[in-house]
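What follows is a set of notes on a single structure, which appears directly below.
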Amino acid sequence: MLKDGTLFSNLGITLCETVLSFLLVILIGILCATLLWYSKSASEILEPYLVILNSLPKSALAPLFIVWLGTGMTTIIVAGISVALFGCIISLYTGFRQVDEEKIKLIYTLGGKKKDVYKKVILPGSIPTILSTMKVNIGLALVGVIIGEFLAARRGLGYLIIYGSQVFQLNLVITSILILCLIAMFLYQCIQQIEHWYKKHL
Amino acid sequence: MNEPLLTLKGIDFSYHSLTGEIPALKSITFQVKNGEFLALVGPSGCGKSTLLNIIAKLSEPENGTISFQNPDGSIHYPRIGYMLQHDHLFEWRSVYRNIILGLEIQKKLTSKNKEHVDQLLKDYGLYAFRHKKPSELSGGMRQRAALIRTLSLDPEILLLDEPFSALDYQTRLTVSADICHIIRQSGKTAILITHDLSEAISIADRVLVLSARPASVKAEVNIHLTLADDSPLAARKAPEFGAYFNQLWEELSNEKTKKLNFLHKNPFC
């Protein structure tokens with residue numbers, strides 16, 4: 001497999017799916033948390049649903065995604081998003097709300113509006129929260145992608161694991177698991193580097 | 001100096017919570033003269049900050065009016081500069097970028113205003129530190145930076161909400177002297193909230209004593225100290241200082257015993 005390169009193409013697909021769903025999670029997460037922060041009624045209505053969705057085992061949703069979206073890459077990415085998204089929204093929103101009230105008042109005393117509060121205090125003040133949320137979510141996105149690949153894929157490391165176990169090629173299974181460990185470590189290191197860079201440039 | 005800049009008449013305000021209504025201010029009436037340094041003292045939690053919020057238009061009074069008379073005859077509401085208890089300099093911005101925050105928000109970052117900021121930085125000895133992070137400054141310098149941030153918007157009235165209370169005593173004396181000097185020099189009108197009577201006497205021209213909640217103006221004391229030097233440190237040595245202190249203390253302690261009696265009579269309150 002190493003020779004014909006299929007291992008690498010499978011690895012590449014899993015990595016690509018993970019990174020894509022991770023980026024989407026962060027983007028949608030920040031957008032949703034912003035919306036919740038902006039509108040009190042939205043947060044009051046949506047918070048219980050978020051808590052329920054967050055504690056729901058997301059693998060239960062995967063069969064639904066297959067029926068709705070087919071067995072392509074979209075399903076896998078959506079599965080990855082579904083695992084990480086709700087926790088991400090909750091922790092970002094909590095982080096936004098923990099910003100010091102007095103700092104918010106300061107912006108108002110300087111003649112700012114709610115928009116300025118968001119741009120000047122909430123967002124820059126929440127960067128540490130965003131970074132720590134990213135650290136958790138890169139792992140969760142990988143979990144979601146592997147679940148998706150178990151159920152629906154024809155390619156990717158998750159598929160290799162399932163395929164290997166079905167044909168009793170445990171060396172294939174264990175190789176894939178080891179590669180997954182490396183991917184997890186690599187992705188975590190990337191976020192760590194971003195964090196270091198941020199701390200240095202603060 | 002003598003014409004009133006701001007006149008508050010019959011200001012009422014109460015907080016609404018799920019458990020009921022808490023009256024905070026009750027028919028507050030007073031005037032602030034142009035160029036005057038006014039101090040407000042009162043028992044803690046009596047609603048002094050609420051009053052400043054109303055003057056700064058951060059909250060609306062339930063009853064009463066605020067009228068103003070600009071010395072130049074213009075009809076805009078006086079520009080307000082508000083200094084809070086803590087400096088709240090943002091760690092993710094340099095000192096300079098913290099100071100221009102207000103200008104940035106109000107979209108007034110013109111080259112003229114930038115020059116003004118540079119001049120303020122030079123005047124108050126922070127020019128060399130403008131690219132540093134706030135955490136690299138001392139407590140007094142941070143407070144000065146916060147004052148420059150407020151002054152950069154060229155306010156006509158400065159509201160100071162216990163701006164020195166977070167500092168240790170020694171720093172506090174020098175910083176309050178420092179800031180008082182800056183404000184006097186620029187001829188701004190200022191309203192200072194403090195719970196430190198000697199600070200109020202040494203800095204202000206006039207002290208208003210507020211009653212316990214709901215706050216109303218209980219007494220007014222004009223401060224005249226016979227000392228040529230206007231520094232608050234020298235003011236503390238003035239012969240009248242002790243008398244003013246006792247007078248204010250009496251007014252305040254009446255309020256405190258009233259509050260205690262009230263608590264004794266209504267232990268569940």
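Chain labels follow the order of the structure tokens: the first chain is A, the next B, and so on; residue numbering restarts at 1 in every chain, and ligands are counted from 1 in their shown order.
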(request) Find the spatial neighbours of B:Leu167, counting only C-alpha atoms, within a cut-off of 12 Å - ignore same-chain residues fewer than 2 positions away - and output them as number ranges by chain. (result) B: 85-87, 138-143, 162-165, 169-176
(message) Can you pull out the residues contacting stretch 184-197 of chain A? Cut-off 7 Å, using only C-alpha atoms, and skip same-chain residues under 4 positions away; I want them as a PyMOL selection string.
(response) chain A and resi 131+135+138-139+180+201
(request) Record the distance separating atom CA of A:Ala141 and atom CA of A:Ile76, expressed in Å with one decimal. (result)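 Here the two named atoms are 10.1 Å from each other.
Residue nearest chain B within the list A:Thr109, A:Lys114, A:Leu172, A:Tyr159: A:Thr109 [criterion: smallest interatomic distance, only C-alpha atoms].
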(message) Quick check, in Å to one decimal: how far apart do atom CA of A:Ala62 and atom CA of A:Glu17 lie?
(response) 15.5 Å
Using only C-alpha atoms, what does the table of chain A residues within 10 Å of chain B look like, with each row giving the shortest atom pair and its distance in Å to one decimal, sorted by chain and ascending number, as a tab-separated table?
residue	atom	partner	partner_atom	distance
A:Asp100	CA	B:His88	CA	9.3
A:Glu102	CA	B:His88	CA	7.8
A:Lys103	CA	B:His88	CA	6.1
A:Ile104	CA	B:His88	CA	9.7
A:Lys105	CA	B:Leu58	CA	8.8
A:Leu106	CA	B:Leu84	CA	7.5
A:Ile107	CA	B:Gly102	CA	7.7
A:Tyr108	CA	B:Leu58	CA	7.4
A:Thr109	CA	B:Tyr82	CA	6.0
A:Leu110	CA	B:Gly102	CA	5.1
A:Gly111	CA	B:Gln106	CA	6.6
A:Gly112	CA	B:Ile105	CA	5.8
A:Lys113	CA	B:Ile105	CA	8.6
A:Lys115	CA	B:Ile105	CA	9.9
A:Asp116	CA	B:Ile105	CA	6.8
A:Val117	CA	B:Ile105	CA	9.5
A:Lys119	CA	B:Ile105	CA	9.9
A:Lys120	CA	B:Leu101	CA	8.4
A:Val121	CA	B:Phe90	CA	8.2
A:Pro124	CA	B:Trp92	CA	7.2
A:Gly125	CA	B:Trp92	CA	7.8
A:Ile127	CA	B:Trp92	CA	9.9
A:Lys199	CA	B:Trp92	CA	9.8
A:His201	CA	B:Trp92	CA	9.1
A:Leu202	CA	B:Trp92	CA	5.6
(request) Name the residues in contact with B:Ser59 at a cut-off of 10 Å, using only C-alpha atoms, excluding same-chain residues fewer than 6 positions from it; report them as a list in words. (result)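 My reading of the contact set: Phe13, Thr50, Leu51, Leu52 and Asn53 of chain B.
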What's the 9 Å shell around B:Arg130, counting only C-alpha atoms, without same-chain residues fewer than 6 positions away, as a PDB file with N, CA and C atoms, in the first residue's frame?
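The result, written out as result_38.pdb:
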ATOM      1  N   SER B  94      -1.205  48.275  22.674  1.00  0.00           N
ATOM      2  CA  SER B  94      -0.110  49.019  23.298  1.00  0.00           C
ATOM      3  C   SER B  94      -0.708  50.224  24.030  1.00  0.00           C
ATOM      4  N   VAL B  95       0.120  50.870  24.848  1.00  0.00           N
ATOM      5  CA  VAL B  95      -0.371  52.024  25.601  1.00  0.00           C
ATOM      6  C   VAL B  95      -0.975  53.052  24.652  1.00  0.00           C
ATOM      7  N   TYR B  96      -0.273  53.310  23.563  1.00  0.00           N
ATOM      8  CA  TYR B  96      -0.737  54.318  22.610  1.00  0.00           C
ATOM      9  C   TYR B  96      -2.089  53.933  22.010  1.00  0.00           C
ATOM     10  N   ARG B  97      -2.183  52.660  21.615  1.00  0.00           N
ATOM     11  CA  ARG B  97      -3.438  52.232  20.978  1.00  0.00           C
ATOM     12  C   ARG B  97      -4.575  52.176  22.002  1.00  0.00           C
ATOM     13  N   LEU B 121       0.710  62.950  25.816  1.00  0.00           N
ATOM     14  CA  LEU B 121       1.677  61.931  26.238  1.00  0.00           C
ATOM     15  C   LEU B 121       2.966  62.581  26.707  1.00  0.00           C
TER      16      LEU B 121
END
(message) as a ChimeraX atom specification, please: every residue in stretch 20-186 of chain B that DSSP puts in alpha helix (DSSP H).
(response) /B:48-55,95-99,101-105,111-123,139-151,169-186
(request) Write out as a PyMOL selection string which residues come within 10 Å of A:Ile177 when counting only C-alpha atoms, dropping same-chain ones fewer than 5 positions away. (result) chain A and resi 157-158+160-161+171-172+182-183
(request) Figure out the distance between atom CA of A:Ser82 and atom CA of A:Val25, please, to one decimal in Å. (result) 8.4 Å
